[in-house]
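final-v9.txt follows (compact mmCIF, C-alpha atoms):
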# COMPACT_ATOMS: atom_id res chain seq x y z
CA MET A 981 -2.33 -18.53 -0.34
CA GLY A 982 1.02 -16.82 -0.44
CA GLU A 983 2.50 -14.24 1.86
CA VAL A 984 2.41 -10.56 0.86
CA ILE A 985 5.58 -8.70 1.90
CA VAL A 986 6.06 -4.96 1.51
CA ILE A 987 9.58 -3.55 1.37
CA THR A 988 9.56 -0.03 2.75
CA SER A 989 11.88 2.53 4.35
CA GLY A 990 10.54 6.06 4.56
CA LYS A 991 13.73 7.59 3.23
CA GLY A 992 14.68 7.26 -0.41
CA GLY A 993 17.94 5.80 -1.65
CA VAL A 994 18.48 3.28 1.13
CA GLY A 995 18.08 0.28 -1.18
CA LYS A 996 14.42 -0.75 -1.21
CA THR A 997 14.38 -1.63 -4.87
CA THR A 998 17.71 -3.46 -4.66
CA CYS A 999 16.42 -5.46 -1.69
CA CYS A 1000 13.19 -6.19 -3.52
CA ALA A 1001 14.95 -7.44 -6.66
CA ASN A 1002 17.37 -9.59 -4.71
CA ILE A 1003 14.90 -11.05 -2.25
CA GLY A 1004 12.53 -11.86 -5.11
CA THR A 1005 15.34 -13.49 -7.05
CA GLY A 1006 16.64 -15.35 -3.99
CA LEU A 1007 13.22 -16.79 -3.18
CA ALA A 1008 12.73 -17.82 -6.82
CA LYS A 1009 16.15 -19.46 -6.79
CA ALA A 1010 15.02 -21.46 -3.75
CA GLY A 1011 12.10 -22.74 -5.82
CA TYR A 1012 9.22 -20.54 -4.64
CA LYS A 1013 6.85 -18.84 -7.04
CA VAL A 1014 7.33 -15.09 -6.62
CA ILE A 1015 5.53 -12.04 -8.01
CA MET A 1016 7.22 -8.68 -7.50
CA VAL A 1017 5.13 -5.54 -7.80
CA ASP A 1018 6.60 -2.09 -8.34
CA THR A 1019 4.12 0.20 -6.58
CA ASP A 1020 6.09 3.40 -7.18
CA ILE A 1021 3.76 4.92 -9.76
CA GLY A 1022 5.44 7.61 -11.85
CA LEU A 1023 8.98 6.58 -10.84
CA ARG A 1024 9.39 2.99 -11.88
CA ASN A 1025 12.73 1.37 -11.15
CA LEU A 1026 12.36 -2.29 -10.33
CA ASP A 1027 12.14 -3.16 -14.04
CA VAL A 1028 15.62 -1.76 -14.77
CA VAL A 1029 17.18 -3.32 -11.67
CA MET A 1030 15.73 -6.66 -12.83
CA GLY A 1031 16.87 -6.04 -16.42
CA LEU A 1032 13.32 -6.37 -17.73
CA GLU A 1033 12.72 -2.80 -18.91
CA ASN A 1034 12.46 -3.78 -22.58
CA ARG A 1035 9.67 -6.26 -22.07
CA ILE A 1036 6.99 -4.05 -20.54
CA VAL A 1037 3.68 -4.03 -22.39
CA TYR A 1038 1.09 -3.43 -19.68
CA ASN A 1039 1.55 -2.07 -16.16
CA LEU A 1040 0.01 -1.92 -12.69
CA VAL A 1041 -2.40 0.89 -13.55
CA ASP A 1042 -3.56 -0.96 -16.70
CA VAL A 1043 -4.40 -3.98 -14.53
CA ILE A 1044 -6.26 -1.90 -11.97
CA ASP A 1045 -8.14 0.02 -14.65
CA GLY A 1046 -9.16 -3.29 -16.21
CA LYS A 1047 -7.35 -2.57 -19.50
CA CYS A 1048 -5.71 -6.01 -19.33
CA ARG A 1049 -5.72 -9.21 -17.30
CA ILE A 1050 -3.11 -9.70 -14.56
CA LYS A 1051 -1.39 -12.47 -16.53
CA GLN A 1052 -0.93 -10.18 -19.54
CA ALA A 1053 0.92 -7.61 -17.45
CA LEU A 1054 3.23 -10.02 -15.61
CA ILE A 1055 6.74 -10.18 -17.06
CA LYS A 1056 8.62 -13.41 -16.57
CA SER A 1057 12.25 -13.09 -15.44
CA ARG A 1058 15.00 -14.07 -17.87
CA ASP A 1059 16.53 -16.61 -15.56
CA TYR A 1060 13.67 -18.11 -13.55
CA ASP A 1061 10.35 -19.46 -14.75
CA ASN A 1062 8.84 -18.92 -11.30
CA LEU A 1063 9.72 -15.20 -10.96
CA TYR A 1064 7.47 -12.45 -12.31
CA LEU A 1065 7.38 -8.67 -12.26
CA LEU A 1066 4.32 -6.45 -12.39
CA PRO A 1067 5.84 -3.13 -13.46
CA SER A 1068 4.62 0.27 -12.38
CA ALA A 1069 3.24 2.95 -14.71
CA GLN A 1070 5.65 5.69 -15.68
CA THR A 1071 3.15 8.18 -17.04
CA LYS A 1072 0.51 8.23 -14.31
CA ASP A 1073 0.83 9.61 -10.78
CA LYS A 1074 0.31 8.02 -7.38
CA SER A 1075 -3.34 9.02 -7.12
CA ALA A 1076 -4.15 6.72 -10.06
CA VAL A 1077 -4.51 3.84 -7.59
CA THR A 1078 -6.38 3.59 -4.26
CA PRO A 1079 -5.42 1.46 -1.23
CA TRP A 1080 -8.59 -0.63 -1.71
CA GLN A 1081 -7.59 -1.43 -5.28
CA MET A 1082 -4.09 -2.41 -4.16
CA GLU A 1083 -5.46 -4.61 -1.39
CA LYS A 1084 -7.71 -6.42 -3.85
CA LEU A 1085 -4.86 -6.86 -6.33
CA ALA A 1086 -2.53 -8.23 -3.65
CA LYS A 1087 -5.17 -10.78 -2.67
CA GLN A 1088 -5.52 -11.92 -6.27
CA LEU A 1089 -1.74 -12.16 -6.71
CA CYS A 1090 -1.13 -14.16 -3.54
CA GLU A 1091 -3.49 -16.81 -4.81
CA GLU A 1092 -1.11 -17.30 -7.72
CA ALA A 1093 2.22 -17.13 -5.87
CA ASP A 1094 4.05 -18.25 -2.73
CA TYR A 1095 5.40 -14.76 -2.16
CA VAL A 1096 4.17 -11.40 -3.41
CA ILE A 1097 6.78 -8.70 -2.87
CA LEU A 1098 5.70 -5.07 -3.03
CA ASP A 1099 8.33 -2.42 -3.69
CA CYS A 1100 7.10 0.64 -1.79
CA PRO A 1101 7.86 4.23 -2.82
CA ALA A 1102 9.73 6.55 -0.44
CA GLY A 1103 7.69 8.81 1.80
CA ILE A 1104 4.57 8.29 3.90
CA GLU A 1105 1.94 9.64 1.53
CA GLN A 1106 -0.50 8.02 -0.87
CA GLY A 1107 2.03 5.69 -2.50
CA PHE A 1108 3.08 4.31 0.88
CA LYS A 1109 -0.52 3.81 1.97
CA ASN A 1110 -1.22 1.97 -1.28
CA ALA A 1111 1.77 -0.31 -0.86
CA ILE A 1112 1.09 -1.32 2.75
CA ALA A 1113 -2.63 -1.84 2.20
CA GLY A 1114 -2.26 -5.31 0.73
CA ALA A 1115 0.62 -6.60 2.87
CA SER A 1116 0.78 -8.63 6.07
CA THR A 1117 4.56 -8.49 6.53
CA ALA A 1118 6.77 -5.41 6.29
CA LEU A 1119 10.52 -5.46 5.78
CA VAL A 1120 11.86 -2.05 6.76
CA VAL A 1121 15.12 -1.16 5.03
CA THR A 1122 17.50 1.33 6.59
CA THR A 1123 21.16 2.27 6.43
CA PRO A 1124 23.26 2.94 9.55
CA GLU A 1125 22.77 6.69 9.11
CA VAL A 1126 20.97 9.09 11.42
CA SER A 1127 18.60 10.35 8.71
CA ALA A 1128 17.57 6.90 7.46
CA ILE A 1129 17.08 5.58 11.00
CA ARG A 1130 14.88 8.51 11.93
CA ASP A 1131 12.65 7.89 8.91
CA ALA A 1132 12.59 4.15 9.60
CA ASP A 1133 11.43 4.88 13.15
CA ARG A 1134 8.60 6.98 11.77
CA ILE A 1135 7.55 4.20 9.40
CA ILE A 1136 7.72 1.58 12.17
CA GLY A 1137 5.56 3.84 14.35
CA ILE A 1138 2.92 3.97 11.62
CA LEU A 1139 3.09 0.22 10.95
CA LYS A 1140 2.86 -0.67 14.64
CA ASN A 1141 -0.17 1.50 15.18
CA PRO A 1142 -3.35 -0.52 14.56
CA GLN A 1143 -5.21 2.75 14.08
CA SER A 1144 -3.13 3.72 11.03
CA GLU A 1145 -5.09 3.80 7.79
CA PHE A 1146 -5.04 0.65 5.66
CA ASN A 1147 -2.66 -1.05 8.05
CA ASN A 1148 -2.89 -4.87 8.11
CA ILE A 1149 0.76 -5.46 8.94
CA ASN A 1150 1.31 -8.07 11.63
CA LYS A 1151 5.05 -8.68 11.26
CA ILE A 1152 7.78 -6.05 10.98
CA GLU A 1153 11.40 -6.95 10.39
CA LEU A 1154 14.49 -4.87 9.77
CA ILE A 1155 17.14 -4.94 7.03
CA VAL A 1156 20.27 -2.89 7.70
CA ASN A 1157 21.79 -2.08 4.32
CA LYS A 1158 25.08 -0.56 3.15
CA VAL A 1159 27.02 -1.55 6.26
CA ARG A 1160 30.75 -0.75 6.05
CA LEU A 1161 32.47 -3.24 8.26
CA LYS A 1162 35.70 -1.32 8.65
CA MET A 1163 33.88 1.82 9.76
CA VAL A 1164 31.75 -0.16 12.24
CA LYS A 1165 34.92 -1.62 13.68
CA ASN A 1166 36.47 1.83 14.04
CA HIS A 1167 33.34 3.12 15.78
CA ASP A 1168 32.62 5.48 12.93
CA MET A 1169 29.42 3.80 11.77
CA LEU A 1170 26.48 2.57 13.85
CA SER A 1171 26.53 -1.22 14.03
CA PRO A 1172 23.46 -3.29 13.09
CA ASP A 1173 23.03 -3.95 16.83
CA ASP A 1174 22.96 -0.20 17.52
CA VAL A 1175 20.30 0.25 14.83
CA VAL A 1176 18.19 -2.59 16.24
CA ASP A 1177 18.45 -1.05 19.73
CA MET A 1178 17.24 2.29 18.39
CA LEU A 1179 14.33 0.92 16.38
CA GLY A 1180 13.17 -1.95 18.56
CA VAL A 1181 12.24 -4.41 15.80
CA ASP A 1182 13.69 -7.80 14.92
CA LEU A 1183 16.58 -7.97 12.49
CA ILE A 1184 16.16 -10.15 9.39
CA GLY A 1185 19.37 -9.28 7.59
CA VAL A 1186 22.50 -7.19 7.29
CA ILE A 1187 23.77 -6.26 3.82
CA PRO A 1188 27.37 -5.09 3.51
CA ASP A 1189 28.12 -2.09 1.31
CA ASP A 1190 29.35 -4.15 -1.63
CA GLU A 1191 30.59 -2.79 -4.99
CA ASN A 1192 29.04 -5.82 -6.61
CA ILE A 1193 25.58 -4.32 -6.02
CA VAL A 1194 26.45 -1.41 -8.33
CA ILE A 1195 27.81 -3.83 -10.92
CA SER A 1196 24.73 -6.03 -10.67
CA THR A 1197 22.42 -3.03 -11.12
CA ASN A 1198 24.49 -1.90 -14.12
CA LYS A 1199 23.92 -5.29 -15.73
CA GLY A 1200 20.34 -5.69 -14.60
CA ILE A 1201 21.10 -9.04 -13.00
CA PRO A 1202 20.37 -9.36 -9.25
CA LEU A 1203 23.18 -10.98 -7.27
CA ALA A 1204 21.18 -12.93 -4.67
CA GLY A 1205 22.74 -16.34 -4.22
CA ASN A 1206 25.99 -15.67 -6.02
CA ASN A 1207 29.37 -15.75 -4.38
CA THR A 1208 29.63 -12.14 -3.23
CA MET A 1209 29.22 -10.72 0.28
CA ALA A 1210 25.93 -9.04 -0.61
CA GLY A 1211 24.76 -12.07 -2.61
CA LYS A 1212 25.24 -14.31 0.43
CA ALA A 1213 23.59 -11.79 2.74
CA PHE A 1214 20.49 -11.78 0.52
CA THR A 1215 20.41 -15.58 0.48
CA ASP A 1216 20.42 -15.52 4.29
CA ILE A 1217 17.47 -13.10 4.31
CA CYS A 1218 15.52 -15.31 1.89
CA GLU A 1219 16.13 -18.38 4.06
CA ARG A 1220 14.98 -16.50 7.14
CA ILE A 1221 11.83 -15.40 5.28
CA THR A 1222 11.05 -19.03 4.55
CA GLY A 1223 11.36 -19.82 8.25
CA LYS A 1224 14.87 -21.23 8.48
CA GLU A 1225 17.08 -20.35 11.44
CA ILE A 1226 20.20 -18.81 9.95
CA PRO A 1227 22.69 -17.45 12.50
CA PHE A 1228 23.94 -13.88 12.10
CA SER A 1229 27.65 -13.23 11.72
CA ASP A 1230 28.91 -10.95 14.49
CA TYR A 1231 28.96 -7.91 12.19
CA GLY A 1232 28.27 -5.44 14.96
CA LYS A 1233 30.82 -6.35 17.54
CA GLN A 1234 33.97 -7.40 15.80
CA GLY A 1235 33.37 -6.96 12.10
CA PHE A 1236 33.06 -9.88 9.70
CA SER A 1237 34.94 -13.15 9.87
CA VAL A 1238 38.32 -11.71 8.87
CA GLY A 1239 38.16 -9.13 11.68
CA THR A 1240 37.05 -11.75 14.17
CA PHE A 1241 39.88 -14.00 13.09
CA PHE A 1242 42.45 -11.29 13.69
CA SER A 1243 41.05 -10.23 17.01
CA LYS A 1244 41.05 -13.86 18.11
CA LEU A 1245 44.64 -14.07 16.98
CA ILE A 1246 45.55 -10.97 19.01
CA LYS A 1247 43.71 -12.36 22.03
CA GLY A 1248 45.58 -15.62 21.65
CA VAL A 1249 48.95 -13.88 21.55
CA SER A 1250 48.38 -11.48 24.43
CA MET B 107 44.75 -5.96 23.76
CA VAL B 108 44.97 -2.70 25.69
CA ILE B 109 46.01 -0.88 22.53
CA ASN B 110 43.07 -2.46 20.75
CA GLU B 111 40.69 -1.13 23.43
CA VAL B 112 42.15 2.35 23.33
CA PHE B 113 41.72 2.62 19.59
CA SER B 114 38.31 1.04 19.35
CA LYS B 115 36.62 2.84 22.24
CA LYS B 116 37.86 6.36 21.69
CA THR B 117 35.52 8.74 23.42
CA GLY B 118 33.63 11.17 21.24
CA SER B 119 33.71 8.77 18.30
CA SER B 120 31.19 9.74 15.66
CA VAL B 121 29.07 6.70 16.54
CA ASN B 122 28.54 7.97 20.07
CA ILE B 123 27.57 11.38 18.74
CA ALA B 124 25.14 9.73 16.29
CA LYS B 125 23.58 7.66 19.08
CA GLU B 126 23.04 10.64 21.34
CA ARG B 127 21.56 12.76 18.56
CA LEU B 128 19.33 9.93 17.37
CA LYS B 129 18.01 9.13 20.84
CA LEU B 130 16.93 12.72 21.27
CA VAL B 131 15.46 13.14 17.83
CA LEU B 132 13.48 9.88 17.99
CA ILE B 133 12.01 10.84 21.34
CA THR B 134 10.99 14.30 20.23
CA ASP B 135 9.54 12.90 16.99
CA LYS B 136 7.39 10.43 18.91
CA ILE B 137 6.03 12.75 21.51
CA GLY B 138 5.86 15.70 19.13
CA CYS B 139 7.56 18.20 21.38
CA SER B 140 10.93 19.92 21.39
CA PRO B 141 13.93 18.99 23.54
CA GLN B 142 13.30 22.19 25.55
CA ILE B 143 9.81 21.05 26.49
CA MET B 144 11.15 17.60 27.35
CA GLU B 145 13.66 19.25 29.66
CA GLN B 146 10.86 21.26 31.26
CA MET B 147 8.81 18.13 31.80
CA LYS B 148 11.83 16.47 33.38
CA GLU B 149 12.23 19.38 35.76
CA ASP B 150 8.55 19.29 36.71
CA ILE B 151 8.59 15.54 37.38
CA LEU B 152 11.76 15.91 39.43
CA MET B 153 10.23 18.74 41.46
CA THR B 154 7.05 16.77 42.19
CA VAL B 155 8.78 13.55 43.17
CA SER B 156 11.36 15.43 45.25
CA LYS B 157 8.56 16.51 47.59
CA TYR B 158 8.34 12.92 48.80
CA VAL B 159 11.74 11.33 48.26
CA GLU B 160 15.23 12.61 47.56
CA ILE B 161 16.23 11.82 44.00
CA SER B 162 19.68 11.58 42.49
CA LYS B 163 19.41 14.40 39.97
CA ASN B 164 22.45 13.40 37.97
CA ASN B 165 21.17 9.91 37.25
CA PHE B 166 17.60 10.90 36.45
CA THR B 167 16.69 9.81 32.93
CA LEU B 168 13.48 10.31 30.99
CA THR B 169 13.08 8.13 27.92
CA ILE B 170 10.27 7.38 25.52
CA THR B 171 10.10 3.93 24.02
CA ASN B 172 7.84 1.98 21.69
CA ALA B 173 7.18 -0.60 24.39
CA CYS B 174 3.85 -2.32 24.54
CA MET B 175 2.27 -1.56 27.89
CA ASP B 176 -1.41 -1.39 27.04
CA THR B 177 -3.59 -4.22 28.31
CA ASP B 178 -5.06 -4.61 24.82
CA SER B 179 -1.48 -5.19 23.64
CA HIS B 180 -1.58 -2.11 21.44
CA ASN B 181 1.79 -0.61 20.77
CA MET B 182 1.96 2.85 22.13
CA PRO B 183 4.83 5.07 23.14
CA VAL B 184 5.66 4.91 26.85
CA ILE B 185 7.43 7.46 29.02
CA VAL B 186 9.91 5.80 31.33
CA ALA B 187 11.37 7.90 34.13
CA ASN B 188 14.33 6.40 35.94
CA MET B 189 14.90 8.12 39.27
CA PRO B 190 17.43 6.58 41.65
CA ILE B 191 16.33 7.33 45.23
CA LYS B 192 18.95 8.88 47.51
CA GLN B 193 16.88 9.06 50.66
CA THR B 194 13.28 8.26 51.53
CA ASN B 195 11.04 10.20 53.88
CA THR B 196 11.45 7.50 56.49
CA GLY B 197 15.11 8.39 56.55
CA GLU B 198 16.52 5.34 54.83
CA GLN B 199 19.59 6.29 52.86
CA TYR B 200 20.78 4.59 49.71
CA VAL B 201 23.72 6.72 48.67
Same coordinates, now as structure tokens:
Amino acid sequence: MGEVIVITSGKGGVGKTTCCANIGTGLAKAGYKVIMVDTDIGLRNLDVVMGLENRIVYNLVDVIDGKCRIKQALIKSRDYDNLYLLPSAQTKDKSAVTPWQMEKLAKQLCEEADYVILDCPAGIEQGFKNAIAGASTALVVTTPEVSAIRDADRIIGILKNPQSEFNNINKIELIVNKVRLKMVKNHDMLSPDDVVDMLGVDLIGVIPDDENIVISTNKGIPLAGNNTMAGKAFTDICERITGKEIPFSDYGKQGFSVGTFFSKLIKGVS
Amino acid sequence: MVINEVFSKKTGSSVNIAKERLKLVLITDKIGCSPQIMEQMKEDILMTVSKYVEISKNNFTLTITNACMDTDSHNMPVIVANMPIKQTNTGEQYV
């Protein structure tokens, strides 16, 4: 039985789909069997970020409606034999699926894979309820911005409340995305530590605002594991998901290694 | 090093503004009432407690957190009032 992880945020545009694609890829790279599910019905995106948009035959709604078997709808990644995508439907709307159907599907998928990763739509309506219904772990993505943090807090409130509908989440962890190290250092951007203080959940990763993410999305090739700042940050998250203890760089306090090096140098001189 | 401090901890930096605004907005979101009502509640609590002990008004803070305080370990929002005592009714002074 695999673990079902939902990637959620409340606010749109904070990088849920990017995180989903890269965490899925990173886990597959580490040898785990991974199924990613795009649960954003009507606005599918994970297929293009993964570069698999030309291979879609069946989708999530087809599976749930019984028009095809799960295996027929799963698209294998170009680079990894152990990484699959179940794409969302573009023509239907979010009411085409119920939370009970999603829960059942997630159960079936986690029998086939080590990790099932659900890409949740923005908002807290039907699509969100569907996505969380099948998951036991939630990774909440936010950026160090007031608006995104407020929405993340709302989401965390819902996920922490055992009385929330369709809520089976027992682990909530935070990803702080699009961190600009220079701005954090100049006290013009909230540091990951500040965000953790505000939201009161454990941090699982910090992703720097890296141009390479745009380039990787342009190409449709996730960058997890490659030699870029964001690629390394995603590898760290994947290792933490699999239970390894990976220390955090001191992003919040002094900036990344280069900044720390210089401040140490200054300290040494003075 | 001093120069470094001066530049990095400038008062009124946008991060400090963001933190203050966020703290307020998260609290009001959780409890579902406006900052004005929060202020009113603060006044009322202060008035009630002041009947018994003298409170330092300037250091009185009222915060709402996600802390888990329920015996069934349910997560529920908690109001935490921090009221430094200046003087008790028995006459003991702390300030």
Exercise answer, chain A residues close to chain B, 9 Å and all atoms listed in the file, as a ChimeraX atom specification:
/A:1125-1127,1129-1130,1133-1134,1137,1140-1142,1164-1171,1174,1178-1180,1243,1246-1247,1250
So how many Å separate CA of Ile1097 in chain A and CA of Ile987 in chain A, to one decimal?
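Answer for the CA of Ile1097 in chain A to CA of Ile987 in chain A separation: 7.2 Å.
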Closest of A:Thr1019, A:Ile1044, A:Ile1155, A:Ala1128 to Asp1182 in chain A - atom-to-atom distances counting all atoms listed in the file
A:Ile1155
Looking at all atoms listed in the file, which of B:Ile191, B:Cys139, B:Thr196, B:Phe166 is the one that sits closest to Ile151 in chain B?
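Closest candidate: B:Phe166.
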One decimal, Å: what's the distance from CA of Arg1035 in chain A over to CA of Val1096 in chain A, could you say?
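For CA of Arg1035 in chain A relative to CA of Val1096 in chain A, the distance reads 20.1 Å.
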Which value, in Å to one decimal, gives the distance between CA of Ile1015 in chain A and CA of Cys1048 in chain A?
17.1 Å
With all atoms listed in the file counted, which protein, DNA or RNA residues have an atom no more than 7 Å from (1.5, -14.9, -6.0) in the file frame? Please answer as JSON, numbers by chain.
{"A": [982, 1013, 1014, 1015, 1089, 1090, 1091, 1092, 1093, 1094, 1095, 1096]}
Using all atoms listed in the file, which of B:Val186, B:Ser162, B:Leu152, B:Lys157 sits nearest Ile133 in chain B?
B:Val186
For range 1194-1206 of chain A, list every protein, DNA or RNA residue within 6 Å, evaluated using only C-alpha atoms, and leave out those in the same chain fewer than 3 positions away; present the list as a list in words.
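Here the qualifying residues turn out to be Asn1002, Gly1006, Val1029, Met1030, Gly1031, Glu1191, Gly1211, Lys1212, Phe1214 and Thr1215 of chain A.
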Skipping near chain neighbours, those fewer than 3 positions away, what residues fall within 12 Å of Asp1027 in chain A using all atoms listed in the file, listed as a ChimeraX atom specification?
/A:997-998,1000-1001,1016-1020,1023-1024,1030-1037,1039,1054-1058,1064-1070,1099,1197,1200-1202
Could you check the closest approach to Arg1160 in chain A for each of A:Thr1078, A:Asp1189, A:Asp1177, A:Ile1136 and tell me which residue wins, using only C-alpha atoms?
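Closest to Arg1160 in chain A of all the choices is A:Asp1189.
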For range 1184-1228 of chain A, write C-alpha atoms out as a PDB file, in the first residue's frame.
ATOM      1  CA  ILE A1184       9.333  20.029   4.274  1.00  0.00           C
ATOM      2  CA  GLY A1185      11.089  22.216   1.734  1.00  0.00           C
ATOM      3  CA  VAL A1186      12.100  25.627   0.474  1.00  0.00           C
ATOM      4  CA  ILE A1187      12.227  26.240  -3.285  1.00  0.00           C
ATOM      5  CA  PRO A1188      14.186  29.247  -4.510  1.00  0.00           C
ATOM      6  CA  ASP A1189      12.665  31.420  -7.232  1.00  0.00           C
ATOM      7  CA  ASP A1190      14.728  29.907 -10.034  1.00  0.00           C
ATOM      8  CA  GLU A1191      14.561  30.856 -13.740  1.00  0.00           C
ATOM      9  CA  ASN A1192      15.223  27.228 -14.540  1.00  0.00           C
ATOM     10  CA  ILE A1193      11.667  26.378 -13.460  1.00  0.00           C
ATOM     11  CA  VAL A1194      10.292  28.522 -16.290  1.00  0.00           C
ATOM     12  CA  ILE A1195      12.704  26.908 -18.736  1.00  0.00           C
ATOM     13  CA  SER A1196      11.797  23.427 -17.525  1.00  0.00           C
ATOM     14  CA  THR A1197       8.077  24.149 -17.908  1.00  0.00           C
ATOM     15  CA  ASN A1198       8.711  25.521 -21.408  1.00  0.00           C
ATOM     16  CA  LYS A1199      10.357  22.237 -22.344  1.00  0.00           C
ATOM     17  CA  GLY A1200       7.965  20.019 -20.438  1.00  0.00           C
ATOM     18  CA  ILE A1201      10.818  18.363 -18.564  1.00  0.00           C
ATOM     19  CA  PRO A1202      10.733  18.606 -14.741  1.00  0.00           C
ATOM     20  CA  LEU A1203      14.052  19.607 -13.191  1.00  0.00           C
ATOM     21  CA  ALA A1204      13.968  17.552  -9.972  1.00  0.00           C
ATOM     22  CA  GLY A1205      17.383  16.069  -9.369  1.00  0.00           C
ATOM     23  CA  ASN A1206      19.303  18.115 -11.890  1.00  0.00           C
ATOM     24  CA  ASN A1207      22.041  20.544 -11.009  1.00  0.00           C
ATOM     25  CA  THR A1208      19.985  23.688 -10.474  1.00  0.00           C
ATOM     26  CA  MET A1209      19.002  25.366  -7.207  1.00  0.00           C
ATOM     27  CA  ALA A1210      15.347  24.391  -7.616  1.00  0.00           C
ATOM     28  CA  GLY A1211      16.279  20.908  -8.857  1.00  0.00           C
ATOM     29  CA  LYS A1212      18.302  20.273  -5.700  1.00  0.00           C
ATOM     30  CA  ALA A1213      15.583  21.716  -3.478  1.00  0.00           C
ATOM     31  CA  PHE A1214      13.061  19.276  -4.975  1.00  0.00           C
ATOM     32  CA  THR A1215      15.451  16.370  -4.450  1.00  0.00           C
ATOM     33  CA  ASP A1216      15.687  17.366  -0.774  1.00  0.00           C
ATOM     34  CA  ILE A1217      11.886  17.371  -0.478  1.00  0.00           C
ATOM     35  CA  CYS A1218      11.658  13.918  -2.084  1.00  0.00           C
ATOM     36  CA  GLU A1219      14.253  12.528   0.326  1.00  0.00           C
ATOM     37  CA  ARG A1220      12.374  13.988   3.280  1.00  0.00           C
ATOM     38  CA  ILE A1221       9.141  12.426   1.983  1.00  0.00           C
ATOM     39  CA  THR A1222      10.840   9.039   1.969  1.00  0.00           C
ATOM     40  CA  GLY A1223      11.849   9.555   5.596  1.00  0.00           C
ATOM     41  CA  LYS A1224      15.441  10.703   5.284  1.00  0.00           C
ATOM     42  CA  GLU A1225      16.761  13.453   7.544  1.00  0.00           C
ATOM     43  CA  ILE A1226      18.034  16.158   5.223  1.00  0.00           C
ATOM     44  CA  PRO A1227      19.230  19.329   6.963  1.00  0.00           C
ATOM     45  CA  PHE A1228      17.843  22.679   5.798  1.00  0.00           C
TER      46      PHE A1228
END
